[in-house]
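Taking it in order: structure first as structure tokens, then the write-up.
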Amino acid sequence: MKLLVERLTTTPKELAFEGDAAFWAESGGDDELAPRPLRSVRIQLRAHKMGEDVYLEGEAETELECGCSRCLARYRQALREPFRIVLEPASGRVPADPEAAQALARDGVCLGDELDAGWYRGSEIDLRRYLREVVALALPVQPLCREDCRGLCPHCGADRNVETCSCAKASPDSPFAVLRKLQVERGD
């Protein structure tokens, strides 16, 4: 997923990349419930120059198999994440952050804090790490099979979406229960 800066003009150039299994393994977690791709990650990209700056915009898209964070059921979810970044030439500047300086030397690109701006150096930009960041930030934080998922019973482990269990519903004590107990003891 390399971009040759010298081939870019002011006219947007359409590019497409496929993220393989190695790309995904570096993007997602290795947790049992971590989302897994059902197909490769497709990345559509438009790139052009604006003066010396490089402007990139596009979309990462795939379909995932996720594990619900409430009931643990596996389900399918589409992932479609747009992105946009403006890269300006780094020239003689060196980032203060050592990791950013390494990335600039290694990949030819150093990203800003918000992932929508950065620097580039050289004639070749390796977009693989940037695109992995885009995908990783698009993954669901708390995946749910459906909005009204009732989850698992904390006592017997029954899936409340499928069956009702006979466990008593224990209502949590109020944080003020201790005060109520003191009030009763004092006779107020």
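By order of appearance in the structure tokens: chains A, B, ..., then residues from 1 within every chain, and ligands from 1 in the order shown.
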
Running DSSP on the backbone, which parts of chain A land in helix (DSSP H, G or I), as a ChimeraX atom specification?
/A:5-7,21-27,98-107,128-138,177-186

Could you write out that same residue set with C-alpha atoms as a short mmCIF file (atom, residue, chain, number, x, y, z; two decimals), in the first residue's frame?
data_model
loop_
_atom_site.label_atom_id
_atom_site.label_comp_id
_atom_site.auth_asym_id
_atom_site.auth_seq_id
_atom_site.Cartn_x
_atom_site.Cartn_y
_atom_site.Cartn_z
CA VAL A 5 4.20 11.11 -4.56
CA GLU A 6 5.94 12.03 -7.82
CA ARG A 7 3.11 10.42 -9.84
CA ALA A 21 -5.11 -11.50 6.65
CA ALA A 22 -1.75 -10.07 7.82
CA PHE A 23 -3.16 -6.55 7.51
CA TRP A 24 -6.13 -7.54 9.64
CA ALA A 25 -4.07 -9.34 12.26
CA GLU A 26 -2.09 -6.14 12.79
CA SER A 27 -5.32 -4.06 13.00
CA PRO A 98 10.64 9.51 18.79
CA GLU A 99 7.95 7.14 17.45
CA ALA A 100 6.77 9.78 14.98
CA ALA A 101 10.36 10.38 13.85
CA GLN A 102 10.78 6.61 13.32
CA ALA A 103 7.54 6.44 11.33
CA LEU A 104 8.63 9.34 9.13
CA ALA A 105 11.94 7.61 8.41
CA ARG A 106 10.43 4.13 7.97
CA ASP A 107 7.12 4.83 6.20
CA ARG A 128 -0.23 0.52 5.57
CA ARG A 129 0.12 1.77 9.19
CA TYR A 130 -2.20 4.74 8.60
CA LEU A 131 -4.88 2.50 7.06
CA ARG A 132 -4.53 0.02 9.96
CA GLU A 133 -5.20 2.93 12.34
CA VAL A 134 -8.31 3.88 10.35
CA VAL A 135 -9.64 0.32 10.56
CA ALA A 136 -8.73 -0.15 14.24
CA LEU A 137 -10.51 3.06 15.23
CA ALA A 138 -13.62 1.99 13.30
CA ALA A 177 -28.64 2.06 52.05
CA VAL A 178 -26.01 2.49 54.79
CA LEU A 179 -27.44 5.92 55.62
CA ARG A 180 -30.95 4.47 55.80
CA LYS A 181 -29.68 1.82 58.22
CA LEU A 182 -28.09 4.53 60.40
CA GLN A 183 -31.32 6.51 60.33
CA VAL A 184 -33.28 3.47 61.57
CA GLU A 185 -30.73 2.80 64.33
CA ARG A 186 -30.91 6.39 65.56
#

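Distances here use only C-alpha atoms; by that measure, the residue among A:Glu163, A:Glu88, A:Asp97, A:Asp148 closest to Gly122 of chain A is A:Glu88.
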
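Coordinates place atom CA of Ala168 of chain A at a distance of 27.5 Å from atom CA of Arg74 of chain A.
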
Within 12 Å of Gly51 of chain A, counting only C-alpha atoms, which residues qualify if same-chain residues fewer than 3 places away don't, as a compact mmCIF listing (two decimals) with N, CA and C atoms, in the first residue's frame?
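Generated output (out_37.txt):
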# COMPACT_ATOMS: atom_id res chain seq x y z
N LEU A 8 1.67 11.85 -8.51
CA LEU A 8 0.42 12.55 -8.21
C LEU A 8 0.40 13.91 -8.91
N THR A 9 -0.80 14.30 -9.34
CA THR A 9 -1.01 15.61 -9.95
C THR A 9 -2.15 16.29 -9.21
N THR A 10 -2.60 17.41 -9.73
CA THR A 10 -3.73 18.11 -9.11
C THR A 10 -5.06 17.41 -9.40
N THR A 11 -5.06 16.52 -10.36
CA THR A 11 -6.25 15.73 -10.68
C THR A 11 -6.29 14.49 -9.78
N HIS A 48 -4.41 13.28 -4.54
CA HIS A 48 -3.93 14.32 -5.45
C HIS A 48 -3.08 15.32 -4.67
N VAL A 54 -0.11 16.73 -0.04
CA VAL A 54 -0.76 15.55 -0.60
C VAL A 54 -2.09 15.38 0.13
N TYR A 55 -3.17 15.27 -0.65
CA TYR A 55 -4.52 15.14 -0.09
C TYR A 55 -5.02 13.73 -0.41
N VAL A 86 -4.54 15.26 5.10
CA VAL A 86 -3.70 16.18 4.33
C VAL A 86 -2.28 16.04 4.87
N LEU A 87 -1.34 15.73 3.98
CA LEU A 87 0.06 15.58 4.36
C LEU A 87 0.86 16.72 3.76
N GLU A 88 1.62 17.38 4.59
CA GLU A 88 2.49 18.44 4.08
C GLU A 88 3.93 17.93 4.12
N PRO A 89 4.78 18.48 3.26
CA PRO A 89 6.17 18.02 3.25
C PRO A 89 6.85 18.31 4.58

Contacts of Ser40 of chain A at 10 Å (only C-alpha atoms; same-chain gap of 6+ positions) as a PyMOL selection string:
chain A and resi 17-21+23-24+61-64

What does the file look like for those residues with N, CA and C atoms, as an mmCIF file, in the first residue's frame?
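The resulting result_32.cif:
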data_model
loop_
_atom_site.group_PDB
_atom_site.id
_atom_site.type_symbol
_atom_site.label_atom_id
_atom_site.label_comp_id
_atom_site.auth_asym_id
_atom_site.auth_seq_id
_atom_site.Cartn_x
_atom_site.Cartn_y
_atom_site.Cartn_z
ATOM 1 N N PHE A 17 -6.902 -0.738 -2.735
ATOM 2 C CA PHE A 17 -6.037 -1.675 -2.033
ATOM 3 C C PHE A 17 -6.895 -2.750 -1.389
ATOM 4 N N GLU A 18 -6.308 -3.920 -1.204
ATOM 5 C CA GLU A 18 -6.957 -5.011 -0.477
ATOM 6 C C GLU A 18 -6.113 -5.315 0.748
ATOM 7 N N GLY A 19 -6.741 -5.281 1.908
ATOM 8 C CA GLY A 19 -6.051 -5.645 3.149
ATOM 9 C C GLY A 19 -6.191 -7.133 3.381
ATOM 10 N N ASP A 20 -5.089 -7.856 3.363
ATOM 11 C CA ASP A 20 -5.106 -9.311 3.523
ATOM 12 C C ASP A 20 -5.172 -9.705 4.995
ATOM 13 N N ALA A 21 -5.010 -10.985 5.270
ATOM 14 C CA ALA A 21 -5.106 -11.500 6.648
ATOM 15 C C ALA A 21 -4.027 -10.887 7.541
ATOM 16 N N PHE A 23 -2.716 -7.921 7.247
ATOM 17 C CA PHE A 23 -3.156 -6.547 7.510
ATOM 18 C C PHE A 23 -4.165 -6.542 8.646
ATOM 19 N N TRP A 24 -5.101 -7.475 8.604
ATOM 20 C CA TRP A 24 -6.134 -7.537 9.637
ATOM 21 C C TRP A 24 -5.545 -7.923 10.987
ATOM 22 N N GLU A 61 -13.632 -0.653 3.832
ATOM 23 C CA GLU A 61 -14.902 -1.366 3.908
ATOM 24 C C GLU A 61 -14.656 -2.867 3.973
ATOM 25 N N THR A 62 -15.417 -3.534 4.844
ATOM 26 C CA THR A 62 -15.395 -4.990 4.939
ATOM 27 C C THR A 62 -16.641 -5.447 5.692
ATOM 28 N N GLU A 63 -16.763 -6.726 5.892
ATOM 29 C CA GLU A 63 -17.829 -7.277 6.721
ATOM 30 C C GLU A 63 -17.171 -8.089 7.825
ATOM 31 N N LEU A 64 -17.658 -7.905 9.036
ATOM 32 C CA LEU A 64 -17.058 -8.529 10.202
ATOM 33 C C LEU A 64 -17.974 -9.557 10.842
#

Report, in Å to a single decimal, how far apart atom CA of Lys2 of chain A and atom CA of Glu124 of chain A are.
6.6 Å

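If you measure from each of A:Pro82, A:Gly58, A:Gly92, A:Gly108 to Pro12 of chain A using only C-alpha atoms, the closest one turns out to be A:Gly58.
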
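Interatomic distance, atom CA of His155 of chain A against atom CA of Cys167 of chain A: 6.9 Å.
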
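Of the residues listed (A:Ile43, A:Leu38, A:Ala60, A:Leu72), A:Leu72 shows the shortest atom-to-atom separation from Arg160 of chain A; distances use only C-alpha atoms.
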